[in-house]
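Peer 1: After the structure tokens below, expect a handful of questions from me.
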Amino acid sequence: MPAGIGRQPVFHVLCAQAPLKCDMKNEHGSLQPLTQNHSNRSEQRLMQVNPTAKPGKNIRVAQVAPTIFPVPPKDHGGTERVIHDLSIALQDLGVEVTLLAPADSATDVPRVGIWPSLFSLEAKYGAVPPSIPAVLEAARMEDLRTRLDAFDIVHCHGEFFHAALLGERRRHSLTTIHWRVDELDREIFFQTFPDLPVAAISGAQEAMLPAANRAGVVHHGIAEDRYALADGAGGYLAFVGRMTDQKRPDRAIRVADAAGRPIRLAGTVDVGNPTYFEREVRPLLSDTATYVGPLGDAAKGELLGGAEALLFPIDWPEPFGLVMIEAMACGTPVVAWDRGSVREIVDEGVTGFVVSSEAEAVEAIARARALDRAGVRRRFEERFTARRMAADYLALYRKLLDR
């Protein structure tokens with residue numbers, strides 16, 4: 001049995017990866033944390049992948065997830081999906097991974113955390129006090145504080161409180177920011193913590209980071225077997241993303257209409273801009289422009305696999321754009337606006353086309369439909385798998401430990 005938190009066997013201290021399945025209140029009406037237990041499935045997988053591995057000798061890494069959604073997410077939640085895939089792939093490389101994540105998470109690695117996600121609490125109780133996210137984050141930081149000595153590297157995917165908690169351990173930490181980094185909050189954050197190593201998720205994002213914080217660039221990757229090559233025979237275009245002015249589903253509908261193609265749109269109504277959908281998107285919906293809501297992995301795979309092309313008409317400095325590589329995994333070409341990371345992700349004329357206007361997008365749709373879908377899938381396998389992402393992060397971890 002590998003050594004776990006506080007050098008105890010992991011089954012004594014880690015939560016199960018089972019979804020939330022018990023009432024969170026006792027007979028007195030008080031909120032209760034979930035029961036904890038652990039199986040040895042993750043150790044078994046490690047030994048299957050590398051029979052000679054010695055878990056106690058490997059790099060011990062904490063993956064610290066945000067508190068909003070479980071890991072992996074139920075449907076939407078790109079950050080949590082990346083953390084899930086990274087954790088599994090690192091473990092398959094022989095890294096001792098501990099996931100600090102909500103109790104309704106289901107990733108098959110050792111996990112710490114007794115409180116469910118904000119998503120789960122809102123589903124159970126409806127409206128919750130506005131302070132709940134801060135309380136959940138405080139609980140996550142306490143989980144980390146009391147276990148810092150158990151890890152060689154602490155890899156944080158949330159913001160911002162871990163930087164202060166880590167103190168002198170910042171030099172052996174890594175922060176991945178799954179959002180734009182060019183606004184005032186990040187400017188203050190980086191000026192306050194110039195010694196915090198940050199892994200950018202694209203070169204475009206790295207260019208906005210102070211030089212002192214730059215630890216390298218690691219493009220996202222996803223599990224190779226999540227989506228399969230499909231023929232795109234559905235006769236429609238696809239849009240997948242938040243219903244917000246950053247992602248511009250309204251632009252996608254106009255482009256599809258101008259190209260004479262039906263379009264199916266999937267994604268959540270953005271909580272930060274709740275009126276946008278009703279004001280800008282719903283009036284454009286029709287028999288040829290349909291909204292199907294948020295989708296889980298299987299339904300997303302069907303939507304993307306049946307699409308002739310994915311439209312990615314963003315209107316913000318996109319830090320990465322996970323749905324682009326999800327489409328490529330299905331063999332579906334991408335027509336994307338030239339913002340943020342797009343030119344790094346889309347291989348022009350191979351996996352899609354980069355455009356700057358609606359007119360260019362209409363023209364690109366016809367060309368995208370002629371691309372070799374098997375070639376799109378091959379390029380995904382070459383560039384954007386979880387295995388590659390994990391290997392890149394492992395190289396950064398080793399570099400940090402050599403400091």
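Chain labels A, B, ... are given in the sequence in which chains occur in the structure tokens; within each chain residues are numbered consecutively from 1, and ligands are likewise numbered from 1 in the order shown.
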Among range 181-293 of chain A, which ones does DSSP assign to strand (DSSP E or B) (computed from the backbone)? Answer as a list in words.
Peer 2: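 Listing strand (DSSP E or B) positions across range 181-293 of chain A yields Val198, Ala199, Ala200, Arg214, Ala215, Gly216, Val217, Ile222, Tyr236, Leu237, Ala238, Phe239, Val240, Met243, Ile263, Arg264, Leu265, Ala266, Val269, Ala289, Thr290, Tyr291, Val292 and Gly293 of chain A.
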Peer 1: Please list as a list in words every residue within 9 Å of Val181 in chain A, counting only C-alpha atoms and excluding residues in the same chain fewer than 6 positions away.
Peer 2: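 So, after excluding close chain neighbours, the residues are Glu187, Gln205, Glu206, Met208, Leu209 and Pro319 of chain A.
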Peer 1: Kindly save the residues from that selection, with N, CA, C and O atoms included, as a PDB file, in the first residue's frame.
Peer 2:
ATOM      1  N   GLU A 187      -3.629  41.234 -12.920  1.00  0.00           N
ATOM      2  CA  GLU A 187      -2.501  42.154 -12.838  1.00  0.00           C
ATOM      3  C   GLU A 187      -2.073  42.366 -11.392  1.00  0.00           C
ATOM      4  O   GLU A 187      -0.876  42.291 -11.062  1.00  0.00           O
ATOM      5  N   GLN A 205      -1.836  33.106 -24.194  1.00  0.00           N
ATOM      6  CA  GLN A 205      -2.023  33.423 -22.787  1.00  0.00           C
ATOM      7  C   GLN A 205      -0.689  33.769 -22.135  1.00  0.00           C
ATOM      8  O   GLN A 205      -0.609  34.719 -21.346  1.00  0.00           O
ATOM      9  N   GLU A 206       0.358  33.034 -22.452  1.00  0.00           N
ATOM     10  CA  GLU A 206       1.662  33.297 -21.848  1.00  0.00           C
ATOM     11  C   GLU A 206       2.143  34.710 -22.158  1.00  0.00           C
ATOM     12  O   GLU A 206       2.791  35.357 -21.320  1.00  0.00           O
ATOM     13  N   MET A 208       0.619  37.319 -22.159  1.00  0.00           N
ATOM     14  CA  MET A 208      -0.016  38.277 -21.256  1.00  0.00           C
ATOM     15  C   MET A 208       0.455  38.123 -19.815  1.00  0.00           C
ATOM     16  O   MET A 208       0.044  38.891 -18.946  1.00  0.00           O
ATOM     17  N   LEU A 209       1.316  37.121 -19.547  1.00  0.00           N
ATOM     18  CA  LEU A 209       1.835  36.897 -18.205  1.00  0.00           C
ATOM     19  C   LEU A 209       3.119  37.680 -17.992  1.00  0.00           C
ATOM     20  O   LEU A 209       3.928  37.814 -18.919  1.00  0.00           O
ATOM     21  N   PRO A 319      -8.182  31.745 -24.117  1.00  0.00           N
ATOM     22  CA  PRO A 319      -6.934  31.168 -23.588  1.00  0.00           C
ATOM     23  C   PRO A 319      -6.588  29.814 -24.197  1.00  0.00           C
ATOM     24  O   PRO A 319      -5.417  29.471 -24.334  1.00  0.00           O
TER      25      PRO A 319
END
Peer 1: So which residues touch Arg180 in chain A within 12 Å, counting only C-alpha atoms, skipping near sequence neighbours fewer than 6 positions away, as a JSON list (two decimals) with all heavy atoms, in the first residue's frame?
Peer 2:
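Here's the written file result17.json:
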[["chain", "number", "residue", "atom", "x", "y", "z"],
["A", 186, "ARG", "N", -5.98, 39.85, -12.31],
["A", 186, "ARG", "CA", -4.74, 39.10, -12.52],
["A", 186, "ARG", "C", -3.52, 40.00, -12.45],
["A", 186, "ARG", "O", -2.45, 39.59, -11.98],
["A", 186, "ARG", "CB", -4.78, 38.39, -13.86],
["A", 186, "ARG", "CG", -5.46, 37.03, -13.84],
["A", 186, "ARG", "CD", -6.92, 37.14, -13.69],
["A", 186, "ARG", "NE", -7.60, 35.85, -13.71],
["A", 186, "ARG", "CZ", -8.91, 35.71, -13.55],
["A", 186, "ARG", "NH1", -9.67, 36.78, -13.36],
["A", 186, "ARG", "NH2", -9.46, 34.53, -13.57],
["A", 187, "GLU", "N", -3.63, 41.23, -12.92],
["A", 187, "GLU", "CA", -2.50, 42.15, -12.84],
["A", 187, "GLU", "C", -2.07, 42.37, -11.39],
["A", 187, "GLU", "O", -0.88, 42.29, -11.06],
["A", 187, "GLU", "CB", -2.88, 43.50, -13.47],
["A", 187, "GLU", "CG", -1.76, 44.53, -13.42],
["A", 187, "GLU", "CD", -2.17, 45.86, -14.01],
["A", 187, "GLU", "OE1", -3.22, 45.93, -14.67],
["A", 187, "GLU", "OE2", -1.44, 46.85, -13.79],
["A", 200, "ALA", "N", 1.16, 28.44, -18.67],
["A", 200, "ALA", "CA", 0.16, 28.97, -19.60],
["A", 200, "ALA", "C", -0.42, 27.82, -20.42],
["A", 200, "ALA", "O", 0.24, 26.81, -20.68],
["A", 200, "ALA", "CB", 0.80, 30.00, -20.52],
["A", 201, "ILE", "N", -1.68, 27.96, -20.83],
["A", 201, "ILE", "CA", -2.32, 26.92, -21.64],
["A", 201, "ILE", "C", -2.26, 27.23, -23.13],
["A", 201, "ILE", "O", -2.76, 26.44, -23.94],
["A", 201, "ILE", "CB", -3.77, 26.67, -21.18],
["A", 201, "ILE", "CG1", -4.62, 27.95, -21.25],
["A", 201, "ILE", "CG2", -3.78, 26.10, -19.77],
["A", 201, "ILE", "CD1", -6.08, 27.73, -20.85],
["A", 202, "SER", "N", -1.63, 28.34, -23.46],
["A", 202, "SER", "CA", -1.35, 28.68, -24.85],
["A", 202, "SER", "C", -0.26, 29.74, -24.87],
["A", 202, "SER", "O", -0.03, 30.43, -23.87],
["A", 202, "SER", "CB", -2.59, 29.21, -25.57],
["A", 202, "SER", "OG", -3.02, 30.43, -25.00],
["A", 204, "ALA", "N", -0.53, 32.39, -26.56],
["A", 204, "ALA", "CA", -1.26, 33.66, -26.48],
["A", 204, "ALA", "C", -1.49, 34.06, -25.04],
["A", 204, "ALA", "O", -1.36, 35.25, -24.68],
["A", 204, "ALA", "CB", -2.58, 33.54, -27.23],
["A", 205, "GLN", "N", -1.84, 33.11, -24.19],
["A", 205, "GLN", "CA", -2.02, 33.42, -22.79],
["A", 205, "GLN", "C", -0.69, 33.77, -22.13],
["A", 205, "GLN", "O", -0.61, 34.72, -21.35],
["A", 205, "GLN", "CB", -2.68, 32.25, -22.05],
["A", 205, "GLN", "CG", -3.07, 32.57, -20.62],
["A", 205, "GLN", "CD", -3.40, 31.34, -19.79],
["A", 205, "GLN", "OE1", -2.57, 30.46, -19.61],
["A", 205, "GLN", "NE2", -4.62, 31.29, -19.28],
["A", 206, "GLU", "N", 0.36, 33.03, -22.45],
["A", 206, "GLU", "CA", 1.66, 33.30, -21.85],
["A", 206, "GLU", "C", 2.14, 34.71, -22.16],
["A", 206, "GLU", "O", 2.79, 35.36, -21.32],
["A", 206, "GLU", "CB", 2.70, 32.29, -22.33],
["A", 206, "GLU", "CG", 4.05, 32.45, -21.64],
["A", 206, "GLU", "CD", 5.13, 31.57, -22.23],
["A", 206, "GLU", "OE1", 5.28, 31.59, -23.47],
["A", 206, "GLU", "OE2", 5.82, 30.88, -21.47],
["A", 207, "ALA", "N", 1.85, 35.20, -23.36],
["A", 207, "ALA", "CA", 2.30, 36.54, -23.74],
["A", 207, "ALA", "C", 1.72, 37.62, -22.84],
["A", 207, "ALA", "O", 2.27, 38.72, -22.76],
["A", 207, "ALA", "CB", 1.92, 36.81, -25.20],
["A", 208, "MET", "N", 0.62, 37.32, -22.16],
["A", 208, "MET", "CA", -0.02, 38.28, -21.26],
["A", 208, "MET", "C", 0.46, 38.12, -19.82],
["A", 208, "MET", "O", 0.04, 38.89, -18.95],
["A", 208, "MET", "CB", -1.54, 38.12, -21.32],
["A", 208, "MET", "CG", -2.12, 38.34, -22.69],
["A", 208, "MET", "SD", -3.92, 38.13, -22.70],
["A", 208, "MET", "CE", -4.26, 38.24, -24.46],
["A", 209, "LEU", "N", 1.32, 37.12, -19.55],
["A", 209, "LEU", "CA", 1.83, 36.90, -18.20],
["A", 209, "LEU", "C", 3.12, 37.68, -17.99],
["A", 209, "LEU", "O", 3.93, 37.81, -18.92],
["A", 209, "LEU", "CB", 2.13, 35.42, -17.98],
["A", 209, "LEU", "CG", 0.96, 34.44, -17.92],
["A", 209, "LEU", "CD1", 1.48, 33.01, -17.90],
["A", 209, "LEU", "CD2", 0.09, 34.71, -16.71],
["A", 246, "GLN", "N", -18.93, 36.43, -25.24],
["A", 246, "GLN", "CA", -17.55, 36.01, -25.47],
["A", 246, "GLN", "C", -17.46, 34.91, -26.54],
["A", 246, "GLN", "O", -16.50, 34.85, -27.30],
["A", 246, "GLN", "CB", -16.92, 35.49, -24.17],
["A", 246, "GLN", "CG", -16.80, 36.55, -23.09],
["A", 246, "GLN", "CD", -16.41, 35.95, -21.76],
["A", 246, "GLN", "OE1", -16.57, 34.75, -21.52],
["A", 246, "GLN", "NE2", -15.89, 36.78, -20.87],
["A", 316, "TRP", "N", -13.29, 37.21, -27.82],
["A", 316, "TRP", "CA", -12.49, 37.52, -26.63],
["A", 316, "TRP", "C", -11.12, 36.83, -26.78],
["A", 316, "TRP", "O", -10.96, 36.01, -27.69],
["A", 316, "TRP", "CB", -13.20, 37.07, -25.35],
["A", 316, "TRP", "CG", -13.20, 35.59, -25.06],
["A", 316, "TRP", "CD1", -13.45, 34.57, -25.92],
["A", 316, "TRP", "CD2", -12.93, 34.98, -23.80],
["A", 316, "TRP", "NE1", -13.37, 33.35, -25.28],
["A", 316, "TRP", "CE2", -13.05, 33.58, -23.98],
["A", 316, "TRP", "CE3", -12.59, 35.47, -22.55],
["A", 316, "TRP", "CZ2", -12.84, 32.67, -22.94],
["A", 316, "TRP", "CZ3", -12.39, 34.56, -21.52],
["A", 316, "TRP", "CH2", -12.52, 33.19, -21.71],
["A", 317, "PRO", "N", -10.16, 37.17, -25.95],
["A", 317, "PRO", "CA", -8.82, 36.55, -26.07],
["A", 317, "PRO", "C", -8.83, 35.13, -25.52],
["A", 317, "PRO", "O", -8.37, 34.86, -24.41],
["A", 317, "PRO", "CB", -7.93, 37.49, -25.25],
["A", 317, "PRO", "CG", -8.83, 38.09, -24.23],
["A", 317, "PRO", "CD", -10.17, 38.25, -24.92],
["A", 318, "GLU", "N", -9.33, 34.21, -26.31],
["A", 318, "GLU", "CA", -9.51, 32.81, -25.90],
["A", 318, "GLU", "C", -8.19, 32.22, -25.38],
["A", 318, "GLU", "O", -7.19, 32.18, -26.10],
["A", 318, "GLU", "CB", -9.99, 31.98, -27.09],
["A", 318, "GLU", "CG", -10.21, 30.52, -26.82],
["A", 318, "GLU", "CD", -11.34, 30.28, -25.86],
["A", 318, "GLU", "OE1", -12.47, 30.72, -26.12],
["A", 318, "GLU", "OE2", -11.09, 29.64, -24.81],
["A", 319, "PRO", "N", -8.18, 31.75, -24.12],
["A", 319, "PRO", "CA", -6.93, 31.17, -23.59],
["A", 319, "PRO", "C", -6.59, 29.81, -24.20],
["A", 319, "PRO", "O", -5.42, 29.47, -24.33],
["A", 319, "PRO", "CB", -7.20, 31.07, -22.09],
["A", 319, "PRO", "CG", -8.67, 31.07, -21.94],
["A", 319, "PRO", "CD", -9.22, 31.87, -23.08],
["A", 320, "PHE", "N", -7.61, 29.01, -24.56],
["A", 320, "PHE", "CA", -7.33, 27.75, -25.25],
["A", 320, "PHE", "C", -8.46, 27.37, -26.21],
["A", 320, "PHE", "O", -8.29, 27.41, -27.40],
["A", 320, "PHE", "CB", -7.08, 26.60, -24.27],
["A", 320, "PHE", "CG", -6.68, 25.34, -24.97],
["A", 320, "PHE", "CD1", -5.37, 25.16, -25.39],
["A", 320, "PHE", "CD2", -7.60, 24.35, -25.26],
["A", 320, "PHE", "CE1", -4.99, 24.02, -26.09],
["A", 320, "PHE", "CE2", -7.24, 23.20, -25.96],
["A", 320, "PHE", "CZ", -5.93, 23.03, -26.37],
["A", 321, "GLY", "N", -9.63, 26.97, -25.68],
["A", 321, "GLY", "CA", -10.74, 26.56, -26.53],
["A", 321, "GLY", "C", -10.84, 25.05, -26.65],
["A", 321, "GLY", "O", -10.59, 24.47, -27.71],
["A", 339, "ARG", "N", -8.64, 34.91, -32.75],
["A", 339, "ARG", "CA", -8.49, 35.55, -31.45],
["A", 339, "ARG", "C", -7.77, 34.61, -30.50],
["A", 339, "ARG", "O", -7.95, 33.40, -30.55],
["A", 339, "ARG", "CB", -9.86, 35.93, -30.83],
["A", 339, "ARG", "CG", -10.69, 36.93, -31.61],
["A", 339, "ARG", "CD", -10.10, 38.33, -31.59],
["A", 339, "ARG", "NE", -9.85, 38.82, -30.24],
["A", 339, "ARG", "CZ", -10.77, 39.42, -29.46],
["A", 339, "ARG", "NH1", -12.01, 39.57, -29.89],
["A", 339, "ARG", "NH2", -10.44, 39.86, -28.26],
["A", 340, "GLY", "N", -6.94, 35.17, -29.63],
["A", 340, "GLY", "CA", -6.30, 34.36, -28.59],
["A", 340, "GLY", "C", -5.50, 33.21, -29.15],
["A", 340, "GLY", "O", -4.63, 33.37, -30.01],
["A", 341, "SER", "N", -5.81, 32.01, -28.68],
["A", 341, "SER", "CA", -5.02, 30.81, -28.96],
["A", 341, "SER", "C", -5.30, 30.18, -30.31],
["A", 341, "SER", "O", -4.62, 29.21, -30.69],
["A", 341, "SER", "CB", -5.32, 29.76, -27.88],
["A", 341, "SER", "OG", -6.68, 29.33, -28.00]]
Peer 1: For each of A:Ala329, A:Ala101, A:Val112, A:Val350, take the minimum atom-to-atom distance to Lys300 in chain A, counting only C-alpha atoms, then give the residue where this is smallest.
Peer 2: A:Ala329
Peer 1: Please report, as number ranges by chain, each residue of range 121-334 of chain A to which DSSP assigns alpha helix (DSSP H) when run on this structure's backbone.
Peer 2: A: 121-125, 132-145, 162-166, 184-192, 203-206, 249-259, 275-276, 297-306, 322-329
Peer 1: Restricting the calculation to only C-alpha atoms: of A:Trp115, A:Phe151, A:Tyr276, A:Phe239, which residue gets closest to Arg264 in chain A?
Peer 2: A:Phe239
